[in-house]
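Quick notes on the structure that follows.
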2 protein chains.
Amino acid sequence: MNNYTLVIHGGAGNIHPGMMDAALEKEYQLALQTALNKGYQVLEQKGTALDAVAAAIVALENNPLFNAGKGSVFTKKGLHEMDACIMNGADLQTGAVAGVRNIQNPILLAKEVMLHSGHVLLSGNGASEFAMSRGFAFMPDDYFYNKERYDQWVDIRDTDFYQLDHKDDNLKGTAPNPDYKFGTVGAVACDHQGHIAAGTSTGGMTNKRFGRIGDSPIVGAGTYANDATCAISCTGHGEYFLRAVVAHDIACLIEYKGLSLKAACEVVVLDKLKKMGGEGGLIAVNAAGDYEFCFNSAGMYRAVKSSKGEELVAYYGQASK
Amino acid sequence: MNNYTLVIHGGAGNIHPGMMDAALEKEYQLALQTALNKGYQVLEQKGTALDAVAAAIVALENNPLFNAGKGSVFTKKGLHEMDACIMNGADLQTGAVAGVRNIQNPILLAKEVMLHSGHVLLSGNGASEFAMSRGFAFMPDDYFYNKERYDQWVDIRDTDFYQLDHKDDNLKGTAPNPDYKFGTVGAVACDHQGHIAAGTSTGGMTNKRFGRIGDSPIVGAGTYANDATCAISCTGHGEYFLRAVVAHDIACLIEYKGLSLKAACEVVVLDKLKKMGGEGGLIAVNAAGDYEFCFNSAGMYRAVKSSKGEELVAYYGQASK
């Protein structure tokens, strides 16, 4: 039986010791541990990597601490527009949604797109019509209300600023303030059969407009899985991850250049992305059950659990395990 | 001074001798030659690859023969929802729009996104608001009316079928009928400074719904440019091109495995895509001004003109030049 491993993230950014009090740290600890257990349970019960990824992400989407699902930020118009993608490494099947509203778990809608739409990427109101046709429930706007997110938005809604999920942190155009975090969530898994999968879900940027889509729902950029190489889920300043086709680039460095999982992640995140000015990080796993965390920001909410007995929940630190 | 080259396509598919009468063949010849001249003129006058690509695609978008801009197909709701992407190989800057309506030249809106939005990909009504804020004119729905496209749509609008730009050719779910063509347009160019660029524009599939987005506006899938490797524009059954991250895969085979432009295109289009069941083709250029056509369908509307004196307009045939 293959080693099995689940890795999750809840966003990267300027996450450093001292930014959270003990109570908040405990909340994140519990949230990550809960999502980790939900996904790992699937793997223990000989479920698929795809189902483990979905289970872990559903738990993260249901927790208002993270900028995905219930905790999604407000757009310029005071709405919640969410993006998600899931990919199966065994057959390269994938499904994604962009700019969907009122869906409790966008990752499950992405999986539905993969399994039942004949398409890869559905967007906006059209994606909602698909959800309706497949019997998905719609949550009222109130479900996504969160005082902290609302206050973040009220501060800047009358400006052209948009903001990366953190009160002090405004961006305008391409001039980022270095003090922010990205609340996107994601999971990658390797199951007992040696198949891998990846998923990512996000509410995007506070005060975003113009139907902006980031890297999360884009196959090859924010999310990618191929049994032959790796499964990747990214979090960061999406525009850079799109331009660098980050997740697929790591897969190609492994497949065509023979790099290890660790070396490939480091080349892309610590060298290429950094030179472009792209901040963020990612989680990775391969079909042997090896895993990596890699980020060029101060920290990343992250956790791993494996059949080899590895178990870790962490936030700060060097990108090292 | 570097060699300069412009390559364009007007879609791949089951394009074979006998499908067009002499008059229609002449129309395509003229349309391709006109777009080729528009773009090549930019290169001759020492303009950039980016501007040459945009000029050629504008000409193709303005011609109702192709499924992009004016000739875009009808969606399930009887609308025209267009996708486009442009990318600059010198700095990996890129812009794209998905599901935009009433825009005469989506490729120019994609360029505007690249230059003035701070984002990479804008979608739906939000992208229209961006267009409005940048002073773009909106064309009435009538501008996009075309009897042939309308009849194609009327035939299937009450069904769950969608269709790839050709009357006899229905798809449902993932079961393609082999007898169709893809009317997407695209261009790649290398300029006298040795910089390259790529662009793609499409109306998608007749009777499409659910806000479906294909590979055309997705960086790395349908469109990609990097001076270090190649510029690529694809046309085909988009879902396969998305899953295979086609354009970026070719770039990686060149960069990491040392393949030639020709060999890299052939590995991806004639081997990998074909094994997945993905039909279509692409055009490619590199910073030396070398070019390739490559397709696994019966034909592809295509043309090339270069400072080395190469000039060709073709539709049928083997993928060879």
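Ordering of the structure tokens sets the chain letters (A, B, ...), residue numbers begin anew at 1 in every chain, and ligands are numbered from 1 in the order given.
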
Check: If you run DSSP on this backbone, which residues of region 113-319 of chain A come out as strand (DSSP E or B), and could you give them as a PyMOL selection string?
Finding: chain A and resi 121-123+162-163+170-172+175-176+181+185-190+196-202+206+212-213+219+223-225+231-236+280-285+291-295+299-306+311-314

Next item on the list: Please provide the set of residues having any atom within 10 Å of Asn296 (chain B), restricted to only C-alpha atoms, with same-chain residues fewer than 2 positions apart removed, written as a ChimeraX atom specification.
Entry: /B:12-14,236,266,269-271,273-274,278-282,294,298-300,318-319

Restricting it to N, CA and C atoms, dump the selection as an mmCIF file, in the first residue's frame.
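Wrote it out as result28.cif, contents follow:
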data_model
loop_
_atom_site.group_PDB
_atom_site.id
_atom_site.type_symbol
_atom_site.label_atom_id
_atom_site.label_comp_id
_atom_site.auth_asym_id
_atom_site.auth_seq_id
_atom_site.Cartn_x
_atom_site.Cartn_y
_atom_site.Cartn_z
ATOM 1 N N ALA B 12 -8.947 25.583 -36.394
ATOM 2 C CA ALA B 12 -8.621 24.263 -36.940
ATOM 3 C C ALA B 12 -9.893 23.422 -36.958
ATOM 4 N N GLY B 13 -9.814 22.216 -37.469
ATOM 5 C CA GLY B 13 -10.972 21.326 -37.461
ATOM 6 C C GLY B 13 -11.013 20.491 -38.718
ATOM 7 N N ASN B 14 -12.202 20.006 -39.028
ATOM 8 C CA ASN B 14 -12.339 19.138 -40.185
ATOM 9 C C ASN B 14 -12.467 19.964 -41.463
ATOM 10 N N GLY B 236 -8.999 24.832 -30.696
ATOM 11 C CA GLY B 236 -9.407 23.432 -30.627
ATOM 12 C C GLY B 236 -10.454 23.235 -29.572
ATOM 13 N N GLU B 266 5.084 19.215 -31.722
ATOM 14 C CA GLU B 266 4.613 17.901 -32.169
ATOM 15 C C GLU B 266 4.356 16.956 -30.999
ATOM 16 N N VAL B 269 0.923 18.345 -29.473
ATOM 17 C CA VAL B 269 -0.287 18.306 -30.309
ATOM 18 C C VAL B 269 -0.521 16.929 -30.934
ATOM 19 N N LEU B 270 0.551 16.332 -31.438
ATOM 20 C CA LEU B 270 0.373 15.087 -32.191
ATOM 21 C C LEU B 270 0.417 13.863 -31.293
ATOM 22 N N ASP B 271 1.000 14.004 -30.087
ATOM 23 C CA ASP B 271 1.078 12.844 -29.196
ATOM 24 C C ASP B 271 0.194 13.018 -27.954
ATOM 25 N N LEU B 273 -1.886 15.453 -26.711
ATOM 26 C CA LEU B 273 -3.280 15.878 -26.896
ATOM 27 C C LEU B 273 -4.085 14.795 -27.606
ATOM 28 N N LYS B 274 -3.479 14.192 -28.609
ATOM 29 C CA LYS B 274 -4.180 13.186 -29.393
ATOM 30 C C LYS B 274 -4.568 12.001 -28.522
ATOM 31 N N GLY B 278 -7.983 15.162 -27.560
ATOM 32 C CA GLY B 278 -8.139 16.606 -27.752
ATOM 33 C C GLY B 278 -7.783 17.021 -29.167
ATOM 34 N N GLU B 279 -8.781 17.509 -29.904
ATOM 35 C CA GLU B 279 -8.545 17.877 -31.292
ATOM 36 C C GLU B 279 -8.332 19.374 -31.444
ATOM 37 N N GLY B 280 -7.420 19.742 -32.360
ATOM 38 C CA GLY B 280 -7.177 21.149 -32.636
ATOM 39 C C GLY B 280 -5.753 21.375 -33.092
ATOM 40 N N GLY B 281 -5.295 22.617 -32.955
ATOM 41 C CA GLY B 281 -3.961 22.932 -33.422
ATOM 42 C C GLY B 281 -3.477 24.232 -32.839
ATOM 43 N N LEU B 282 -2.308 24.670 -33.327
ATOM 44 C CA LEU B 282 -1.730 25.906 -32.808
ATOM 45 C C LEU B 282 -0.716 26.480 -33.787
ATOM 46 N N CYS B 294 0.992 23.589 -36.280
ATOM 47 C CA CYS B 294 0.887 22.191 -35.853
ATOM 48 C C CYS B 294 -0.563 21.904 -35.514
ATOM 49 N N ALA B 298 -8.002 17.791 -39.491
ATOM 50 C CA ALA B 298 -7.764 17.682 -40.937
ATOM 51 C C ALA B 298 -7.118 18.936 -41.506
ATOM 52 N N GLY B 299 -7.513 20.091 -40.972
ATOM 53 C CA GLY B 299 -6.957 21.326 -41.516
ATOM 54 C C GLY B 299 -6.943 22.444 -40.501
ATOM 55 N N MET B 300 -6.335 23.560 -40.882
ATOM 56 C CA MET B 300 -6.333 24.756 -40.035
ATOM 57 C C MET B 300 -6.166 25.961 -40.953
ATOM 58 N N GLN B 318 -1.618 18.273 -44.442
ATOM 59 C CA GLN B 318 -0.809 17.819 -43.339
ATOM 60 C C GLN B 318 -0.381 19.058 -42.562
ATOM 61 N N ALA B 319 0.015 18.809 -41.324
ATOM 62 C CA ALA B 319 0.429 19.901 -40.449
ATOM 63 C C ALA B 319 1.725 20.537 -40.937
#

Checklist line | 10 Å contact set for Gly186 (chain B), only C-alpha atoms, chain neighbours under 2 positions out, as a ChimeraX atom specification | finding: /B:7-11,53-54,56-58,60-61,68,84-86,107,183-184,188,198-202,216,222-223,232-235,282-283,302

Kindly assemble as a Markdown table a list of the chain A residues that lie within 6 Å of chain B, each paired with its nearest atom pair and their distance in Å to one decimal, using only C-alpha atoms, sorted first by chain and then by ascending residue number.
| residue | atom | partner | partner_atom | distance |
| --- | --- | --- | --- | --- |
| A:Gly118 | CA | B:Gly173 | CA | 4.3 |
| A:Val120 | CA | B:Glu239 | CA | 5.7 |
| A:Leu121 | CA | B:Ile213 | CA | 5.4 |
| A:Leu122 | CA | B:Arg212 | CA | 4.4 |
| A:Ser123 | CA | B:Gly211 | CA | 4.7 |
| A:Gly126 | CA | B:Phe210 | CA | 3.4 |
| A:Ala127 | CA | B:Phe210 | CA | 4.9 |
| A:Phe130 | CA | B:Phe210 | CA | 5.7 |
| A:Gly173 | CA | B:Gly118 | CA | 4.4 |
| A:Thr174 | CA | B:Gly118 | CA | 5.3 |
| A:Phe210 | CA | B:Gly126 | CA | 3.4 |
| A:Gly211 | CA | B:Gly126 | CA | 4.3 |
| A:Arg212 | CA | B:Leu122 | CA | 4.4 |
| A:Ile213 | CA | B:Leu121 | CA | 5.4 |
| A:Glu239 | CA | B:Val120 | CA | 5.7 |
| A:Tyr256 | CA | B:Lys257 | CA | 5.3 |
| A:Lys257 | CA | B:Tyr256 | CA | 5.3 |

Would you mind aligning chain A to chain B, a least-squares fit over all C-alpha atoms taken in order, and returning the superposed chain as a CSV table (one decimal) with C-alpha atoms, in the first residue's frame?
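Produced file superposed-v3.csv, reproduced below:
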chain,number,residue,atom,x,y,z
A,1,MET,CA,18.3,43.3,-36.8
A,2,ASN,CA,16.4,40.2,-35.9
A,3,ASN,CA,14.3,38.3,-38.4
A,4,TYR,CA,10.6,39.2,-38.0
A,5,THR,CA,7.7,36.9,-38.5
A,6,LEU,CA,3.9,37.0,-38.2
A,7,VAL,CA,1.8,33.8,-38.0
A,8,ILE,CA,-2.0,33.8,-37.8
A,9,HIS,CA,-4.7,31.2,-37.6
A,10,GLY,CA,-8.5,31.3,-38.1
A,11,GLY,CA,-9.3,28.0,-36.4
A,12,ALA,CA,-8.6,24.3,-36.9
A,13,GLY,CA,-11.0,21.3,-37.5
A,14,ASN,CA,-12.3,19.1,-40.2
A,15,ILE,CA,-11.3,21.5,-42.9
A,16,HIS,CA,-10.7,19.4,-46.1
A,17,PRO,CA,-10.6,19.9,-49.8
A,18,GLY,CA,-14.1,20.0,-51.3
A,19,MET,CA,-15.8,21.6,-48.2
A,20,MET,CA,-15.5,25.1,-49.7
A,21,ASP,CA,-16.4,26.2,-53.2
A,22,ALA,CA,-14.0,28.4,-55.1
A,23,ALA,CA,-15.8,31.6,-54.1
A,24,LEU,CA,-15.7,30.8,-50.3
A,25,GLU,CA,-12.1,29.6,-50.6
A,26,LYS,CA,-11.3,33.0,-52.1
A,27,GLU,CA,-13.1,34.8,-49.2
A,28,TYR,CA,-11.0,32.9,-46.7
A,29,GLN,CA,-7.8,33.6,-48.7
A,30,LEU,CA,-8.6,37.3,-48.8
A,31,ALA,CA,-9.6,37.4,-45.1
A,32,LEU,CA,-6.3,35.7,-44.0
A,33,GLN,CA,-4.2,37.8,-46.4
A,34,THR,CA,-5.8,41.0,-45.1
A,35,ALA,CA,-5.1,40.2,-41.4
A,36,LEU,CA,-1.6,39.0,-42.3
A,37,ASN,CA,-0.8,42.3,-44.1
A,38,LYS,CA,-2.2,44.4,-41.2
A,39,GLY,CA,0.0,42.7,-38.7
A,40,TYR,CA,3.1,42.4,-40.9
A,41,GLN,CA,2.9,46.1,-41.7
A,42,VAL,CA,3.4,46.8,-38.0
A,43,LEU,CA,6.5,44.6,-37.9
A,44,GLU,CA,7.9,46.2,-41.1
A,45,GLN,CA,7.5,49.6,-39.6
A,46,LYS,CA,9.6,48.4,-36.6
A,47,GLY,CA,6.5,48.1,-34.4
A,48,THR,CA,6.4,45.6,-31.5
A,49,ALA,CA,5.3,41.9,-31.7
A,50,LEU,CA,2.5,42.8,-29.3
A,51,ASP,CA,1.1,45.5,-31.6
A,52,ALA,CA,1.4,43.2,-34.7
A,53,VAL,CA,-0.5,40.5,-32.9
A,54,ALA,CA,-3.2,42.9,-31.9
A,55,ALA,CA,-3.5,44.4,-35.4
A,56,ALA,CA,-3.8,41.0,-37.1
A,57,ILE,CA,-6.4,39.8,-34.6
A,58,VAL,CA,-8.5,43.0,-34.9
A,59,ALA,CA,-8.7,42.3,-38.7
A,60,LEU,CA,-9.8,38.7,-38.0
A,61,GLU,CA,-12.3,39.8,-35.3
A,62,ASN,CA,-13.8,42.3,-37.8
A,63,ASN,CA,-14.5,39.6,-40.4
A,64,PRO,CA,-17.7,37.6,-39.9
A,65,LEU,CA,-16.0,34.4,-41.4
A,66,PHE,CA,-14.4,33.7,-38.1
A,67,ASN,CA,-15.9,32.9,-34.7
A,68,ALA,CA,-14.4,35.9,-32.9
A,69,GLY,CA,-15.6,39.5,-32.6
A,70,LYS,CA,-18.2,40.3,-35.3
A,71,GLY,CA,-18.6,36.6,-36.3
A,72,SER,CA,-19.0,35.2,-32.8
A,73,VAL,CA,-21.5,32.4,-32.4
A,74,PHE,CA,-24.7,32.5,-30.3
A,75,THR,CA,-24.9,31.3,-26.7
A,76,LYS,CA,-27.8,29.3,-25.3
A,77,LYS,CA,-29.5,32.6,-24.5
A,78,GLY,CA,-29.0,34.0,-28.0
A,79,LEU,CA,-26.1,36.3,-26.9
A,80,HIS,CA,-22.5,36.6,-27.9
A,81,GLU,CA,-20.0,36.1,-25.1
A,82,MET,CA,-16.4,36.4,-26.2
A,83,ASP,CA,-13.0,35.5,-24.7
A,84,ALA,CA,-9.6,36.9,-25.6
A,85,CYS,CA,-6.0,37.0,-24.2
A,86,ILE,CA,-2.8,38.7,-25.2
A,87,MET,CA,0.7,38.1,-23.8
A,88,ASN,CA,4.0,39.9,-24.2
A,89,GLY,CA,7.1,37.6,-24.2
A,90,ALA,CA,9.6,40.3,-23.2
A,91,ASP,CA,8.2,40.8,-19.6
A,92,LEU,CA,5.5,38.1,-19.3
A,93,GLN,CA,2.8,40.8,-19.0
A,94,THR,CA,-0.6,39.5,-20.0
A,95,GLY,CA,-4.2,40.5,-20.1
A,96,ALA,CA,-7.4,38.6,-20.8
A,97,VAL,CA,-11.2,38.9,-20.8
A,98,ALA,CA,-13.8,36.1,-20.5
A,99,GLY,CA,-17.5,36.2,-21.3
A,100,VAL,CA,-17.5,39.8,-22.5
A,101,ARG,CA,-20.4,41.2,-24.6
A,102,ASN,CA,-20.9,44.0,-27.1
A,103,ILE,CA,-17.2,44.7,-27.4
A,104,GLN,CA,-16.1,45.0,-31.1
A,105,ASN,CA,-12.5,43.9,-30.5
A,106,PRO,CA,-12.0,41.8,-27.4
A,107,ILE,CA,-8.3,41.5,-28.1
A,108,LEU,CA,-8.0,45.3,-27.6
A,109,LEU,CA,-9.8,45.0,-24.3
A,110,ALA,CA,-7.5,42.2,-23.2
A,111,LYS,CA,-4.5,44.5,-24.1
A,112,GLU,CA,-6.2,47.3,-22.0
A,113,VAL,CA,-6.5,44.8,-19.1
A,114,MET,CA,-2.8,44.1,-19.4
A,115,LEU,CA,-1.8,47.7,-19.5
A,116,HIS,CA,-4.2,49.5,-17.2
A,117,SER,CA,-6.1,47.2,-14.8
A,118,GLY,CA,-3.4,45.9,-12.5
A,119,HIS,CA,-5.0,42.5,-13.1
A,120,VAL,CA,-4.6,39.6,-15.6
A,121,LEU,CA,-8.1,38.3,-16.1
A,122,LEU,CA,-11.5,40.1,-16.0
A,123,SER,CA,-14.8,38.5,-16.6
A,124,GLY,CA,-18.4,39.0,-17.5
A,125,ASN,CA,-20.3,42.2,-16.6
A,126,GLY,CA,-17.3,43.3,-14.5
A,127,ALA,CA,-15.1,43.3,-17.6
A,128,SER,CA,-17.7,45.4,-19.4
A,129,GLU,CA,-17.6,47.9,-16.5
A,130,PHE,CA,-13.8,48.1,-16.9
A,131,ALA,CA,-14.2,48.6,-20.7
A,132,MET,CA,-16.7,51.5,-20.0
A,133,SER,CA,-14.3,53.0,-17.5
A,134,ARG,CA,-11.6,53.0,-20.1
A,135,GLY,CA,-13.8,54.6,-22.8
A,136,PHE,CA,-14.5,51.6,-25.0
A,137,ALA,CA,-17.4,51.9,-27.3
A,138,PHE,CA,-20.2,49.2,-27.1
A,139,MET,CA,-21.6,47.7,-30.2
A,140,PRO,CA,-25.3,46.9,-30.4
A,141,ASP,CA,-26.3,43.2,-30.5
A,142,ASP,CA,-27.1,43.6,-34.2
A,143,TYR,CA,-23.5,44.2,-35.1
A,144,PHE,CA,-22.8,40.6,-34.2
A,145,TYR,CA,-25.8,39.2,-36.0
A,146,ASN,CA,-25.0,36.8,-38.8
A,147,LYS,CA,-27.6,34.7,-40.6
A,148,GLU,CA,-25.5,31.5,-40.8
A,149,ARG,CA,-24.5,31.6,-37.1
A,150,TYR,CA,-28.1,32.4,-36.2
A,151,ASP,CA,-29.4,29.4,-38.1
A,152,GLN,CA,-26.8,27.1,-36.5
A,153,TRP,CA,-28.1,28.2,-33.1
A,154,VAL,CA,-31.8,28.0,-33.9
A,155,ASP,CA,-31.3,24.4,-34.9
A,156,ILE,CA,-30.1,23.4,-31.4
A,157,ARG,CA,-31.2,26.1,-29.0
A,158,ASP,CA,-33.9,24.0,-27.5
A,159,THR,CA,-31.6,21.1,-26.9
A,160,ASP,CA,-28.7,20.4,-24.5
A,161,PHE,CA,-26.3,20.2,-27.4
A,162,TYR,CA,-23.6,22.7,-28.0
A,163,GLN,CA,-21.8,23.0,-31.2
A,164,LEU,CA,-18.4,23.8,-32.6
A,165,ASP,CA,-19.0,26.5,-35.2
A,166,HIS,CA,-20.2,24.2,-38.0
A,167,LYS,CA,-23.7,23.3,-39.0
A,168,ASP,CA,-23.4,19.5,-38.9
A,169,ASP,CA,-21.4,19.2,-35.8
A,170,ASN,CA,-23.0,18.7,-32.5
A,171,LEU,CA,-21.4,17.9,-29.2
A,172,LYS,CA,-23.0,16.8,-26.0
A,173,GLY,CA,-21.1,16.5,-22.9
A,174,THR,CA,-17.7,15.0,-23.8
A,175,ALA,CA,-18.8,13.0,-26.9
A,176,PRO,CA,-17.5,15.0,-29.8
A,177,ASN,CA,-18.7,14.4,-33.4
A,178,PRO,CA,-15.5,14.4,-35.4
A,179,ASP,CA,-16.9,16.6,-38.2
A,180,TYR,CA,-16.5,20.2,-37.0
A,181,LYS,CA,-14.2,23.2,-37.0
A,182,PHE,CA,-13.1,25.6,-34.4
A,183,GLY,CA,-13.4,29.2,-35.6
A,184,THR,CA,-11.1,30.8,-32.9
A,185,VAL,CA,-8.6,33.2,-34.2
A,186,GLY,CA,-5.0,33.9,-33.1
A,187,ALA,CA,-1.7,35.4,-33.9
A,188,VAL,CA,1.9,35.1,-32.8
A,189,ALA,CA,4.8,37.4,-33.8
A,190,CYS,CA,8.5,38.0,-33.5
A,191,ASP,CA,9.6,41.6,-34.0
A,192,HIS,CA,12.9,43.2,-35.3
A,193,GLN,CA,14.2,43.4,-31.7
A,194,GLY,CA,13.6,39.7,-31.2
A,195,HIS,CA,10.7,40.1,-28.8
A,196,ILE,CA,7.7,37.8,-29.2
A,197,ALA,CA,4.0,38.0,-28.4
A,198,ALA,CA,0.8,35.9,-28.7
A,199,GLY,CA,-2.9,36.5,-28.8
A,200,THR,CA,-6.1,34.6,-29.1
A,201,SER,CA,-9.8,35.6,-29.5
A,202,THR,CA,-13.0,33.5,-29.7
A,203,GLY,CA,-16.8,33.4,-29.5
A,204,GLY,CA,-16.6,29.9,-28.0
A,205,MET,CA,-19.2,27.2,-28.8
A,206,THR,CA,-22.7,27.7,-30.3
A,207,ASN,CA,-25.4,27.2,-27.7
A,208,LYS,CA,-22.8,27.3,-24.8
A,209,ARG,CA,-24.2,28.1,-21.4
A,210,PHE,CA,-23.3,28.2,-17.7
A,211,GLY,CA,-20.7,30.9,-18.4
A,212,ARG,CA,-18.4,28.3,-19.9
A,213,ILE,CA,-14.8,29.5,-20.4
A,214,GLY,CA,-12.4,27.6,-22.7
A,215,ASP,CA,-8.7,27.7,-23.2
A,216,SER,CA,-8.4,30.9,-25.3
A,217,PRO,CA,-8.3,33.5,-22.5
A,218,ILE,CA,-6.3,31.3,-20.1
A,219,VAL,CA,-2.6,32.1,-19.9
A,220,GLY,CA,-0.6,28.9,-20.4
A,221,ALA,CA,-3.5,27.0,-21.9
A,222,GLY,CA,-4.6,28.7,-25.1
A,223,THR,CA,-2.2,31.6,-25.1
A,224,TYR,CA,1.4,32.0,-23.9
A,225,ALA,CA,4.5,34.1,-24.8
A,226,ASN,CA,8.0,34.1,-23.3
A,227,ASP,CA,11.0,35.5,-25.2
A,228,ALA,CA,13.1,32.7,-23.7
A,229,THR,CA,11.0,29.9,-25.3
A,230,CYS,CA,8.1,30.6,-27.7
A,231,ALA,CA,4.8,32.4,-28.3
A,232,ILE,CA,1.8,30.1,-28.9
A,233,SER,CA,-1.9,30.6,-29.8
A,234,CYS,CA,-4.2,27.6,-29.8
A,235,THR,CA,-7.5,26.6,-31.4
A,236,GLY,CA,-9.4,23.4,-30.6
A,237,HIS,CA,-11.6,21.7,-28.1
A,238,GLY,CA,-10.8,24.0,-25.2
A,239,GLU,CA,-11.4,21.6,-22.3
A,240,TYR,CA,-8.5,19.4,-23.5
A,241,PHE,CA,-6.2,22.3,-24.0
A,242,LEU,CA,-7.0,23.5,-20.5
A,243,ARG,CA,-6.3,20.1,-18.9
A,244,ALA,CA,-3.1,19.7,-20.8
A,245,VAL,CA,-1.9,23.4,-20.2
A,246,VAL,CA,-0.9,23.2,-23.9
A,247,ALA,CA,0.9,26.4,-24.6
A,248,HIS,CA,3.0,26.4,-21.4
A,249,ASP,CA,3.8,22.7,-21.8
A,250,ILE,CA,5.4,23.5,-25.2
A,251,ALA,CA,7.4,26.3,-23.6
A,252,CYS,CA,8.6,24.0,-20.8
A,253,LEU,CA,9.6,21.2,-23.3
A,254,ILE,CA,11.8,23.8,-25.0
A,255,GLU,CA,13.3,25.4,-21.8
A,256,TYR,CA,13.7,22.3,-19.6
A,257,LYS,CA,14.2,19.5,-22.1
A,258,GLY,CA,15.9,21.3,-24.9
A,259,LEU,CA,13.5,20.4,-27.6
A,260,SER,CA,13.3,22.4,-30.8
A,261,LEU,CA,10.2,24.5,-31.4
A,262,LYS,CA,9.0,22.0,-34.0
A,263,ALA,CA,9.6,18.9,-31.8
A,264,ALA,CA,7.9,20.5,-28.7
A,265,CYS,CA,4.8,21.4,-30.7
A,266,GLU,CA,4.6,17.9,-32.2
A,267,VAL,CA,5.0,16.1,-28.8
A,268,VAL,CA,2.1,18.1,-27.3
A,269,VAL,CA,-0.3,18.3,-30.3
A,270,LEU,CA,0.4,15.1,-32.2
A,271,ASP,CA,1.1,12.8,-29.2
A,272,LYS,CA,-0.1,14.1,-25.8
A,273,LEU,CA,-3.3,15.9,-26.9
A,274,LYS,CA,-4.2,13.2,-29.4
A,275,LYS,CA,-3.9,10.4,-26.7
A,276,MET,CA,-6.3,12.5,-24.5
A,277,GLY,CA,-8.8,12.9,-27.4
A,278,GLY,CA,-8.1,16.6,-27.7
A,279,GLU,CA,-8.5,17.9,-31.3
A,280,GLY,CA,-7.2,21.1,-32.6
A,281,GLY,CA,-4.0,22.9,-33.4
A,282,LEU,CA,-1.7,25.9,-32.8
A,283,ILE,CA,0.7,28.4,-34.2
A,284,ALA,CA,4.1,29.1,-32.7
A,285,VAL,CA,7.0,31.4,-33.1
A,286,ASN,CA,10.3,31.9,-31.3
A,287,ALA,CA,12.7,34.9,-30.7
A,288,ALA,CA,14.8,33.9,-33.7
A,289,GLY,CA,11.8,34.3,-35.9
A,290,ASP,CA,11.3,30.6,-36.6
A,291,TYR,CA,7.7,29.5,-36.8
A,292,GLU,CA,5.5,26.4,-36.7
A,293,PHE,CA,2.0,25.3,-37.6
A,294,CYS,CA,0.9,22.2,-35.8
A,295,PHE,CA,-2.5,20.5,-35.8
A,296,ASN,CA,-4.0,17.0,-35.3
A,297,SER,CA,-7.2,17.9,-37.2
A,298,ALA,CA,-7.8,17.7,-40.9
A,299,GLY,CA,-7.0,21.3,-41.5
A,300,MET,CA,-6.3,24.7,-40.0
A,301,TYR,CA,-6.9,28.2,-41.5
A,302,ARG,CA,-3.4,29.6,-41.3
A,303,ALA,CA,-0.9,32.1,-42.8
A,304,VAL,CA,2.6,33.3,-42.3
A,305,LYS,CA,4.8,36.1,-43.6
A,306,SER,CA,8.4,36.7,-42.5
A,307,SER,CA,11.4,39.0,-43.2
A,308,LYS,CA,13.2,35.9,-44.6
A,309,GLY,CA,10.7,36.0,-47.5
A,310,GLU,CA,8.4,33.2,-46.2
A,311,GLU,CA,4.8,33.7,-47.2
A,312,LEU,CA,2.0,31.2,-47.2
A,313,VAL,CA,-1.8,31.1,-46.8
A,314,ALA,CA,-3.2,27.6,-46.3
A,315,TYR,CA,-6.2,25.7,-45.0
A,316,TYR,CA,-5.9,21.9,-45.6
A,317,GLY,CA,-3.4,19.4,-45.4
A,318,GLN,CA,-0.8,17.8,-43.3
A,319,ALA,CA,0.4,19.9,-40.4
A,320,SER,CA,3.6,20.4,-42.4
A,321,LYS,CA,4.4,23.9,-43.8

Notebook entry, point to check: Can you list every residue in region 86-290 of chain A that DSSP puts in alpha helix (DSSP H), as a PyMOL selection string?
Noted result: chain A and resi 106-116+124-133+147-156+238-243+246-257+261-266+273-276
